[in-house]
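This report concerns only the one structure given below.
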Amino acid sequence: MLSGGCFCGRVRYEADGIPFHETSCHCEICRRTSGAPLVTWFSVRRAEFRLVSGTPVRFRSTAFGTRSFCPDCGTQLTFENDGTPDEIDVTMSSLDEPDRLSPKDHTYVRSKLQWLRFADQLPAYEEARKT
Ligand SMILES: [Zn+2]
Ligand SMILES: [Zn+2]
């Protein structure tokens with residue numbers, strides 16, 4: 001089981017199952033909503049994700065995407081895409097033990113900040129992952 005939560009501790013979550021689609025996303029929406037150069041995510045089945053304390057605020061970042069944040073400290077926690085209702089993306093860096101997972105690729109590198117240089121040899125996709 002994976003567990004995590006926001007910086008201040010108000011919102012806590014747990015996730016079961018096997019994480020998938022671990023990625024560092026360089027899109028402008030991830031950047032602007034986090035205030036960071038990129039956001040690293042992992043996915044689990046929605047049925048395998050549960051909030052165990054607190055209620056995040058939910059924000060519709062596009063016509064199809066909803067993000068959640070701690071209402072007190074602002075940590076971004078999840079992304080849900082209307083097109084993949086069985087999946088939920090979770091910010092890897094909000095895990096209690098973030099080094100248990102690692103990104104498998106880079107996505108939306110067309111929006112990558114120019115000064116970022118990768119030394120990880122992972123696949124990099126201009127936009128979404130090609131599966
Ligand atoms: Zn918080
Ligand atoms: Zn993104």
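Simple scheme: letters A, B, ... for chains in structure tokens order, numbers from 1 for residues in each chain, numbers from 1 for ligands in the order shown.
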Each chain A residue no farther than 9 Å from ligand 2, nearest pair in Å, only C-alpha atoms and all ligand atoms, as CSV:
residue,atom,partner,partner_atom_place_in_ligand_line,distance
A:Ser24,CA,ligand 2,1 (Zn),8.0
A:Cys25,CA,ligand 2,1 (Zn),4.5
A:His26,CA,ligand 2,1 (Zn),5.6
A:Cys27,CA,ligand 2,1 (Zn),4.1
A:Glu28,CA,ligand 2,1 (Zn),6.6
A:Ile29,CA,ligand 2,1 (Zn),5.6
A:Cys30,CA,ligand 2,1 (Zn),4.2
A:Arg31,CA,ligand 2,1 (Zn),7.1
A:Leu38,CA,ligand 2,1 (Zn),7.6
A:Val39,CA,ligand 2,1 (Zn),6.8
A:Thr40,CA,ligand 2,1 (Zn),8.6
A:Trp41,CA,ligand 2,1 (Zn),8.8
A:Thr107,CA,ligand 2,1 (Zn),7.6
A:Tyr108,CA,ligand 2,1 (Zn),7.0
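Using only C-alpha atoms and all ligand atoms, residues with at least one atom at most 9 Å away from any atom of ligand 1 are Gly5, Cys6, Phe7, Cys8, Gly9, Arg10, Val11, Arg12, Gly54, Pro56, Phe69, Cys70, Pro71, Asp72, Cys73, Gly74 and Thr75 of chain A.
The residue that comes closest to A:Gln76, out of A:Arg110, A:Lys130, A:Lys104, A:Arg32 and on the basis of only C-alpha atoms, is A:Arg32.
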Report as a PyMOL selection string all protein, DNA and RNA residues lying within 12 Å of A:Arg100, evaluated on only C-alpha atoms, omitting residues in the same chain fewer than 6 positions from it.
chain A and resi 1-4+18-19+22+42+92-94
Run DSSP on the backbone and tell me which residues of chain A come out as strand (DSSP E or B); list them as a ChimeraX atom specification.
/A:2-5,12-15,20-25,39-45,49-53,57-60,65-69,76-81,87-91,95,105-107,124
Closest to A:Thr131 among A:His106, A:Arg60, A:Arg46, A:His21, using only C-alpha atoms?
A:His21
